[in-house]
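As provided, upload36.txt (compact mmCIF, C-alpha atoms) reads as follows.
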```txt
# COMPACT_ATOMS: atom_id res chain seq x y z
CA MET Y 15 0.00 0.00 0.00
CA THR Y 16 1.31 3.46 -0.89
CA ALA Y 17 1.81 6.28 1.58
CA ALA Y 18 -1.15 8.01 0.00
CA ALA Y 19 -3.46 5.22 1.10
CA ALA Y 20 -6.17 5.54 3.73
CA THR Y 21 -9.25 3.66 4.84
CA ALA Y 22 -12.94 4.22 4.20
CA GLY Y 23 -15.21 2.07 6.34
CA GLY Y 24 -12.24 -0.14 7.21
CA VAL Y 25 -11.40 -0.77 3.53
CA PRO Y 26 -8.03 0.52 2.23
CA VAL Y 27 -8.45 3.31 -0.32
CA ASP Y 28 -5.86 4.96 -2.53
CA VAL Y 29 -6.46 8.66 -1.88
CA ALA Y 30 -5.21 9.87 -5.27
CA ALA Y 31 -7.41 7.38 -7.13
CA ASP Y 32 -10.31 8.22 -4.81
CA ILE Y 33 -10.02 11.94 -5.62
CA GLN Y 34 -9.67 11.18 -9.33
CA ASN Y 35 -12.91 9.19 -9.24
CA GLY Y 36 -14.62 12.11 -7.52
CA TRP Y 37 -13.54 14.45 -10.29
CA ILE Y 38 -14.69 11.98 -12.94
CA TRP Y 39 -18.15 11.99 -11.39
CA ILE Y 40 -18.36 15.79 -11.26
CA ILE Y 41 -17.09 16.15 -14.85
CA LEU Y 42 -19.67 13.60 -15.98
CA LEU Y 43 -22.45 15.55 -14.26
CA CYS Y 44 -21.24 18.82 -15.80
CA THR Y 45 -21.15 17.22 -19.26
CA ILE Y 46 -24.69 15.93 -18.77
CA GLY Y 47 -25.66 19.44 -17.63
CA VAL Y 48 -24.36 21.00 -20.84
CA GLY Y 49 -26.33 18.44 -22.85
CA ASN Y 50 -29.47 19.23 -20.87
CA LEU Y 51 -29.00 22.96 -21.48
CA VAL Y 52 -28.81 22.32 -25.23
CA PHE Y 53 -31.88 20.07 -25.13
CA PHE Y 54 -33.77 22.71 -23.14
CA TRP Y 55 -32.81 25.44 -25.62
CA LYS Y 56 -34.01 23.34 -28.54
CA SER Y 57 -37.26 22.56 -26.66
CA ILE Y 58 -38.27 26.19 -26.14
CA PRO Y 59 -41.44 26.70 -28.21
CA LYS Y 60 -41.12 28.97 -31.22
CA PRO Y 61 -44.44 30.85 -31.22
CA SER Y 62 -46.11 31.68 -34.50
CA ALA Y 63 -46.63 35.28 -35.55
CA ALA Y 64 -50.35 34.87 -34.87
CA ALA Y 65 -49.67 33.66 -31.32
CA VAL Y 66 -47.35 36.60 -30.63
CA TYR Y 67 -49.87 39.04 -32.07
CA SER Y 68 -52.73 37.59 -30.01
CA GLY Y 69 -50.64 37.40 -26.82
CA LYS Y 70 -51.06 33.62 -26.51
CA THR Y 71 -47.40 32.79 -25.99
CA ASP Y 72 -46.56 30.74 -22.88
CA THR Y 73 -43.54 32.48 -21.42
CA THR Y 74 -44.36 31.28 -17.90
CA SER Y 75 -43.78 27.59 -18.70
CA THR Y 76 -40.49 28.37 -20.42
CA VAL Y 77 -39.30 30.38 -17.42
CA LEU Y 78 -40.32 27.62 -14.98
CA ALA Y 79 -38.48 24.99 -17.02
CA GLY Y 80 -35.44 27.25 -17.44
CA ILE Y 81 -35.16 27.85 -13.70
CA TYR Y 82 -35.16 24.13 -13.01
CA VAL Y 83 -32.62 23.25 -15.72
CA PHE Y 84 -30.18 26.03 -14.84
CA VAL Y 85 -30.32 25.27 -11.10
CA CYS Y 86 -29.65 21.59 -11.80
CA VAL Y 87 -26.54 22.56 -13.78
CA TYR Y 88 -25.49 24.95 -11.01
CA ARG Y 89 -25.84 22.24 -8.35
CA SER Y 90 -23.90 19.78 -10.53
CA VAL Y 91 -20.97 22.22 -10.68
CA PHE Y 92 -21.14 23.28 -7.02
CA MET Y 93 -21.84 19.85 -5.56
CA THR Y 94 -23.09 19.81 -1.97
CA ASP Y 95 -24.62 17.31 0.43
CA THR Y 96 -26.78 19.80 2.31
CA HIS Y 97 -27.74 17.60 5.27
CA ALA Y 98 -24.14 16.50 5.96
CA ARG Y 99 -22.84 20.07 5.29
CA MET Y 100 -20.37 18.45 2.88
CA CYS Y 101 -19.08 20.34 -0.20
CA PHE Y 102 -16.95 19.32 -3.15
CA THR Y 103 -15.24 22.73 -3.06
CA ASP Y 104 -15.24 25.26 -0.24
CA THR Y 105 -16.85 28.36 -1.78
CA VAL Y 106 -19.85 30.53 -0.98
CA TRP Y 107 -21.56 28.96 -4.01
CA ASN Y 108 -21.39 25.57 -2.27
CA TRP Y 109 -22.85 26.69 1.04
CA PRO Y 110 -25.62 24.26 2.07
CA ILE Y 111 -28.15 27.06 2.64
CA MET Y 112 -27.39 28.51 -0.82
CA ASN Y 113 -27.77 25.09 -2.42
CA ARG Y 114 -31.00 24.32 -0.57
CA GLY Y 115 -32.52 27.73 -1.31
CA LEU Y 116 -31.91 27.38 -5.04
CA ALA Y 117 -33.17 23.79 -4.95
CA ALA Y 118 -36.42 24.98 -3.34
CA VAL Y 119 -37.00 27.55 -6.09
CA ALA Y 120 -36.17 24.99 -8.78
CA GLU Y 121 -38.35 22.22 -7.36
CA ILE Y 122 -41.34 24.51 -6.90
CA SER Y 123 -40.89 25.55 -10.55
CA PHE Y 124 -40.73 21.86 -11.52
CA GLY Y 125 -43.90 21.03 -9.60
CA VAL Y 126 -45.93 23.97 -10.90
CA LEU Y 127 -44.82 23.29 -14.48
CA GLY Y 128 -45.95 19.67 -14.20
CA VAL Y 129 -49.48 20.45 -13.09
CA ARG Y 130 -49.73 23.37 -15.56
CA THR Y 131 -48.84 20.96 -18.35
CA LEU Y 132 -51.54 18.53 -17.30
CA ARG Y 133 -54.11 21.32 -16.99
CA THR Y 134 -53.23 22.64 -20.46
CA ILE Y 135 -53.90 19.20 -21.92
CA ALA Y 136 -57.21 19.01 -20.07
CA VAL Y 137 -58.27 22.41 -21.41
CA ALA Y 138 -57.15 21.62 -24.96
CA THR Y 139 -59.17 18.39 -24.95
CA GLY Y 140 -61.89 19.51 -22.57
CA ARG Y 141 -64.72 18.59 -24.87
CA PHE Y 142 -63.58 14.94 -24.65
CA LEU Y 143 -63.13 14.77 -20.87
CA PRO Y 144 -65.84 13.52 -18.49
CA PRO Y 145 -66.73 16.09 -15.80
CA ALA Y 146 -64.98 14.12 -13.04
CA VAL Y 147 -61.71 13.98 -15.00
CA GLU Y 148 -61.92 17.66 -15.90
CA TRP Y 149 -62.51 18.53 -12.23
CA TYR Y 150 -59.55 16.39 -11.13
CA THR Y 151 -57.07 17.95 -13.55
CA ARG Y 152 -58.31 21.48 -12.80
CA ASN Y 153 -57.93 21.09 -9.03
CA LEU Y 154 -54.65 19.21 -9.40
CA VAL Y 155 -53.01 22.53 -10.30
CA VAL Y 156 -53.88 23.92 -6.87
CA LEU Y 157 -53.15 20.66 -5.00
CA GLY Y 158 -49.84 20.06 -6.77
CA SER Y 159 -48.64 23.63 -6.21
CA ILE Y 160 -49.46 23.46 -2.50
CA VAL Y 161 -47.78 20.07 -2.12
CA VAL Y 162 -44.48 21.15 -3.69
CA VAL Y 163 -44.37 24.40 -1.68
CA VAL Y 164 -44.97 22.55 1.60
CA ALA Y 165 -42.48 19.83 0.61
CA ASN Y 166 -39.72 22.34 -0.07
CA THR Y 167 -40.51 24.33 3.06
CA SER Y 168 -40.20 21.11 5.05
CA SER Y 169 -36.93 20.21 3.30
CA THR Y 170 -35.43 23.64 3.97
CA ILE Y 171 -36.38 23.39 7.66
CA GLY Y 172 -34.79 19.94 7.80
CA VAL Y 173 -31.54 21.18 6.26
CA VAL Y 174 -31.36 24.27 8.47
CA THR Y 175 -32.23 22.48 11.73
CA HIS Y 176 -30.16 19.41 10.79
CA HIS Y 177 -33.17 17.19 11.52
CA SER Y 178 -34.23 14.25 9.34
CA ALA Y 179 -37.93 14.18 10.25
CA PRO Y 180 -38.85 17.12 7.95
CA LEU Y 181 -36.95 15.37 5.14
CA ILE Y 182 -39.15 12.29 5.56
CA LEU Y 183 -42.22 14.52 5.26
CA GLU Y 184 -40.77 16.14 2.13
CA GLU Y 185 -40.26 12.81 0.37
CA CYS Y 186 -43.75 11.62 1.36
CA LEU Y 187 -45.24 14.77 -0.15
CA TRP Y 188 -43.26 14.26 -3.36
CA PHE Y 189 -44.70 10.74 -3.45
CA VAL Y 190 -48.19 12.25 -3.23
CA TYR Y 191 -47.32 14.69 -6.03
CA ALA Y 192 -45.84 11.98 -8.29
CA THR Y 193 -48.78 9.64 -7.73
CA THR Y 194 -51.56 12.19 -8.25
CA SER Y 195 -49.89 13.74 -11.31
CA THR Y 196 -49.30 10.34 -12.90
CA ILE Y 197 -52.92 9.35 -12.26
CA GLY Y 198 -54.06 12.63 -13.82
CA ALA Y 199 -51.97 12.06 -16.93
CA GLY Y 200 -53.22 8.48 -17.11
CA LEU Y 201 -56.82 9.66 -16.99
CA CYS Y 202 -56.21 11.92 -19.97
CA VAL Y 203 -54.57 9.13 -21.98
CA PHE Y 204 -56.15 5.85 -20.94
CA GLN Y 205 -59.62 6.69 -19.70
CA LEU Y 206 -60.30 9.12 -22.51
CA PRO Y 207 -57.89 8.85 -25.44
CA LEU Y 208 -57.45 11.92 -27.59
CA PRO Y 209 -59.43 11.13 -30.74
CA LYS Y 210 -59.02 12.69 -34.13
CA PRO Y 211 -61.37 15.69 -34.26
CA ALA Y 212 -63.71 15.62 -37.22
CA GLY Y 213 -62.39 17.34 -40.32
CA VAL Y 214 -58.75 17.74 -39.36
CA ASP Y 215 -55.94 16.70 -41.66
CA GLY Y 216 -53.40 13.95 -41.10
CA SER Y 217 -50.69 16.29 -39.82
CA VAL Y 218 -52.87 17.24 -36.85
CA GLU Y 219 -53.58 13.60 -36.11
CA ARG Y 220 -49.82 12.91 -36.17
CA LYS Y 221 -49.39 15.67 -33.59
CA TRP Y 222 -51.97 14.00 -31.34
CA GLN Y 223 -50.14 10.68 -31.73
CA LEU Y 224 -46.89 12.34 -30.66
CA ILE Y 225 -48.69 13.95 -27.72
CA ARG Y 226 -49.87 10.49 -26.65
CA THR Y 227 -46.31 9.17 -26.93
CA LEU Y 228 -44.87 12.00 -24.82
CA LEU Y 229 -47.60 11.49 -22.24
CA TYR Y 230 -46.77 7.77 -22.07
CA ILE Y 231 -43.12 8.67 -21.46
CA LEU Y 232 -44.03 11.09 -18.67
CA ILE Y 233 -46.43 8.55 -17.13
CA VAL Y 234 -43.67 5.93 -17.06
CA ALA Y 235 -41.23 8.48 -15.60
CA GLY Y 236 -43.75 9.54 -12.95
CA SER Y 237 -44.43 5.92 -12.02
CA VAL Y 238 -40.71 5.13 -11.72
CA PHE Y 239 -40.24 8.28 -9.61
CA ALA Y 240 -43.06 7.27 -7.26
CA VAL Y 241 -41.71 3.73 -6.90
CA TYR Y 242 -38.18 5.05 -6.27
CA LEU Y 243 -39.49 7.33 -3.54
CA ALA Y 244 -41.44 4.53 -1.88
CA VAL Y 245 -38.78 1.84 -2.17
CA GLU Y 246 -35.52 3.77 -1.79
CA ASP Y 247 -35.77 7.44 -0.83
CA ILE Y 248 -38.33 7.43 1.99
CA PRO Y 249 -36.84 4.31 3.67
CA MET Y 250 -33.36 5.89 3.37
CA TYR Y 251 -34.45 8.98 5.32
CA ILE Y 252 -36.28 6.82 7.87
CA ARG Y 253 -33.07 4.85 8.45
CA GLN Y 254 -31.15 8.10 8.72
CA TYR Y 255 -33.63 9.41 11.31
CA ARG Y 256 -33.34 6.20 13.33
CA ARG Y 257 -29.54 6.40 13.30
CA GLU Y 258 -29.63 10.02 14.47
CA THR Y 259 -32.07 9.30 17.29
CA ALA Y 260 -30.60 5.97 18.42
CA PRO Y 261 -29.69 5.68 22.13
CA GLY Y 262 -26.21 7.01 22.81
CA VAL Y 263 -25.95 8.91 19.53
CA VAL Y 264 -25.27 12.63 19.83
CA HIS Y 265 -26.72 14.34 16.76
CA PRO Y 266 -26.92 18.16 16.88
CA VAL Y 267 -30.32 19.66 16.13
CA TYR Y 268 -30.51 23.45 15.83
CA ASP Y 269 -33.13 26.13 16.11
CA LEU Y 270 -33.69 28.19 12.95
CA SER Y 271 -31.32 31.06 13.77
CA THR Y 272 -28.47 28.78 14.84
CA GLY Y 273 -29.14 26.45 11.91
CA LEU Y 274 -28.99 29.28 9.39
CA ALA Y 275 -25.54 30.23 10.64
CA ASP Y 276 -24.43 26.59 10.74
CA SER Y 277 -25.63 25.88 7.17
CA SER Y 278 -23.91 29.00 5.83
CA ARG Y 279 -20.57 27.26 5.63
CA CYS Y 280 -19.11 23.96 4.51
CA HIS Y 281 -18.23 21.72 7.47
CA ILE Y 282 -16.57 19.09 5.30
CA THR Y 283 -14.79 19.74 2.02
CA THR Y 284 -13.74 16.66 0.10
CA LYS Y 285 -13.29 15.52 -3.48
CA ARG Y 286 -12.93 11.87 -2.51
CA TRP Y 287 -15.40 9.60 -4.27
CA SER Y 288 -15.75 7.39 -1.19
CA ALA Y 289 -17.26 10.34 0.71
CA TRP Y 290 -20.02 10.79 -1.89
CA THR Y 291 -21.10 7.17 -2.37
CA GLY Y 292 -24.12 7.70 -0.12
CA VAL Y 293 -25.64 10.38 -2.36
CA TRP Y 294 -24.18 9.86 -5.83
CA LEU Y 295 -27.06 7.74 -7.15
CA TRP Y 296 -29.95 10.09 -6.43
CA GLN Y 297 -27.85 13.16 -7.32
CA THR Y 298 -26.95 11.65 -10.70
CA LEU Y 299 -30.52 10.58 -11.48
CA TYR Y 300 -31.91 13.93 -10.32
CA PHE Y 301 -29.52 16.11 -12.36
CA THR Y 302 -29.80 13.87 -15.43
CA PHE Y 303 -33.48 13.06 -15.86
CA GLY Y 304 -35.18 16.01 -14.13
CA PRO Y 305 -34.07 18.53 -16.81
CA ILE Y 306 -35.00 16.07 -19.56
CA ALA Y 307 -38.51 15.77 -18.08
CA VAL Y 308 -39.14 19.53 -18.03
CA SER Y 309 -37.81 19.93 -21.59
CA LEU Y 310 -40.16 17.16 -22.76
CA GLN Y 311 -43.02 19.01 -21.06
CA LEU Y 312 -42.19 22.15 -23.06
CA ARG Y 313 -42.34 20.11 -26.27
CA LEU Y 314 -45.60 18.55 -25.13
CA LEU Y 315 -47.15 21.96 -24.38
CA SER Y 316 -46.10 23.26 -27.78
CA LEU Y 317 -47.63 20.24 -29.53
CA VAL Y 318 -50.88 20.48 -27.57
CA ARG Y 319 -51.36 24.15 -28.47
CA SER Y 320 -50.39 23.58 -32.09
CA ALA Y 321 -52.76 20.63 -32.49
CA GLY Y 322 -55.56 22.49 -30.72
CA ASP Y 323 -55.12 25.58 -32.89
CA SER Y 324 -55.01 23.47 -36.06
CA ALA Y 325 -58.14 21.59 -35.06
CA SER Y 326 -59.97 24.83 -34.30
CA SER Y 327 -58.92 26.35 -37.63
CA SER Y 328 -60.02 23.26 -39.54
CA ALA Y 329 -63.37 23.20 -37.78
CA ALA Y 330 -63.91 26.90 -38.46
CA SER Y 331 -63.08 26.50 -42.14
CA GLU Y 332 -65.61 23.73 -42.68
CA PRO Y 333 -68.77 24.84 -44.49
CA LYS Y 334 -71.81 24.74 -42.29
CA LYS Y 335 -74.58 22.39 -43.32
CA GLU Y 336 -77.95 23.96 -43.93
CA ASN Y 337 -80.95 22.30 -42.39
```
How would this structure read if it were set down as structure tokens?
Amino acid sequence: MTAAAATAGGVPVDVAADIQNGWIWIILLCTIGVGNLVFFWKSIPKPSAAAVYSGKTDTTSTVLAGIYVFVCVYRSVFMTDTHARMCFTDTVWNWPIMNRGLAAVAEISFGVLGVRTLRTIAVATGRFLPPAVEWYTRNLVVLGSIVVVVANTSSTIGVVTHHSAPLILEECLWFVYATTSTIGAGLCVFQLPLPKPAGVDGSVERKWQLIRTLLYILIVAGSVFAVYLAVEDIPMYIRQYRRETAPGVVHPVYDLSTGLADSSRCHITTKRWSAWTGVWLWQTLYFTFGPIAVSLQLRLLSLVRSAGDSASSSAASEPKKEN
């Protein structure tokens, strides 16, 4: 064993190789982030001149998606484990409270965009939806927005106070959000498929087919997310809570003012891969597939509006039958 060797959990580790592996992970995340920025840029809807003139452009959805994508890239570069107060580099940009604050803004944007997308589909196809389904998707916007705000408030409190119980609540609320949103999307697709409106051309029907395909992708992603939360994430935080509250364990829990000061600095700064093995999986999945999901939602929104406008134009251009 070289002089640069150490142990991690009783297992000998070459420090230089350990640090190199840490850098490889961060570089991989940054590369993925650049790819997600490009995909987001190409997914931004290009409104028609008529839409701009009528004021029907959807800038809000683009801004919500952009916030989420850019914050994911930021957090990939300035990697931080907020609960452990562990940073890849010791800068103000890595401070746990900075990281958590930006994450809260990004995740609220993600949640609101998701329910806005579902509501837009419900409105665009409202004449095909049963009243119960229309009511569900309409109220899901309010429910989903409240859930993500409360979830991120709980998460921020957990990070600041260094307590795991609020983090368990956060993940449970995200499970509620993922489940209800996936059910809502499934109602739009499976319970009432989007039929070809009378009189529209084949290009509009192809748009509806692509909308169905994108919805299927988001339904699968939402289902996988919900299962991951139930099987891995929530149990992980429960185990963490039990470790912190086990007899004989001294785990500091702070009030809000003390916690704010404590989370405004990095307690541990390390580039060693072995230090990040407890969080690398969810961080990698989060920063890889979250931005892809919001970019797909932008494409879905654009297709829904385009197909709806085309169907309306075709219907309006049809000659009316005289009785």
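Closest approach to Leu310 (chain Y) among Y:Ser123, Y:Thr227, Y:Thr167, Y:Thr45 is made by Y:Thr227 (distances from only C-alpha atoms).
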For this session: Kindly indicate which residue among Y:Val164, Y:Gly172, Y:Ser178, Y:Gly198 lies nearest to Thr151 (chain Y), using all atoms listed in the file for the distances.
Result: Y:Gly198
Exercise. Near region 242-247 of chain Y, within 8 Å and counting only C-alpha atoms, which residues show up once chain neighbours fewer than 6 positions away are dropped, as a list of chain:residue names?
Worked result: Y:Glu185, Y:Cys186, Y:Trp188, Y:Phe189
For this session: Using CA of Thr283 (chain Y) and CA of Cys101 (chain Y) as the two end points, give the distance in Å to one decimal.
Result: 4.9 Å
Which polymer residues have any atom within 12 Å of an atom of Ala179 (chain Y), counting all atoms listed in the file, with same-chain residues fewer than 6 positions away left out, as a tab-separated table (two decimals) with C-alpha atoms, in the frame of the given file?
```tsv
chain	number	residue	atom	x	y	z
Y	97	HIS	CA	-27.74	17.60	5.27
Y	168	SER	CA	-40.20	21.11	5.05
Y	169	SER	CA	-36.93	20.21	3.30
Y	170	THR	CA	-35.43	23.64	3.97
Y	171	ILE	CA	-36.38	23.39	7.66
Y	172	GLY	CA	-34.79	19.94	7.80
Y	173	VAL	CA	-31.54	21.18	6.26
Y	185	GLU	CA	-40.26	12.81	0.37
Y	186	CYS	CA	-43.75	11.62	1.36
Y	248	ILE	CA	-38.33	7.43	1.99
Y	249	PRO	CA	-36.84	4.31	3.67
Y	250	MET	CA	-33.36	5.89	3.37
Y	251	TYR	CA	-34.45	8.98	5.32
Y	252	ILE	CA	-36.28	6.82	7.87
Y	253	ARG	CA	-33.07	4.85	8.45
Y	254	GLN	CA	-31.15	8.10	8.72
Y	255	TYR	CA	-33.63	9.41	11.31
Y	256	ARG	CA	-33.34	6.20	13.33
Y	257	ARG	CA	-29.54	6.40	13.30
Y	258	GLU	CA	-29.63	10.02	14.47
Y	259	THR	CA	-32.07	9.30	17.29
Y	267	VAL	CA	-30.32	19.66	16.13
```
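Using all atoms listed in the file for every distance, the candidate list Y:Thr291, Y:Ser195, Y:Ser309, Y:Thr96 yields Y:Thr96 as the residue closest to Leu181 (chain Y).
Between CA of Val263 (chain Y) and CA of Met112 (chain Y) there is a distance of 28.3 Å.
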Exercise. Which of these, Y:Trp294, Y:Phe239, Y:Phe303, Y:Phe84, has the shortest distance to Ala192 (chain Y) once you count all atoms listed in the file?
Worked result: Y:Phe239
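Note that CA of Leu315 (chain Y) and CA of Thr194 (chain Y) are 19.4 Å apart.
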For this session: For a cut-off of 10 Å around (-57.8, 17.3, -14.0), file coordinates, pick out all residues using all atoms listed in the file and list them as a VMD selection string.
Result: chain Y and resid 129 132 to 137 140 143 to 155 194 to 195 197 to 199 201 to 202
For this session: Check the smallest atom-to-atom distance from each of Y:Leu43, Y:Leu224, Y:Val48, Y:Ala118 to Leu299 (chain Y) using only C-alpha atoms, then report the winner.
Result: Y:Leu43
Problem set entry | Polymer residues at most 6 Å from Ser316 (chain Y), all atoms listed in the file, same-chain spacing of 3 or more positions, as JSON, numbers by chain | {"Y": [59, 313, 319]}
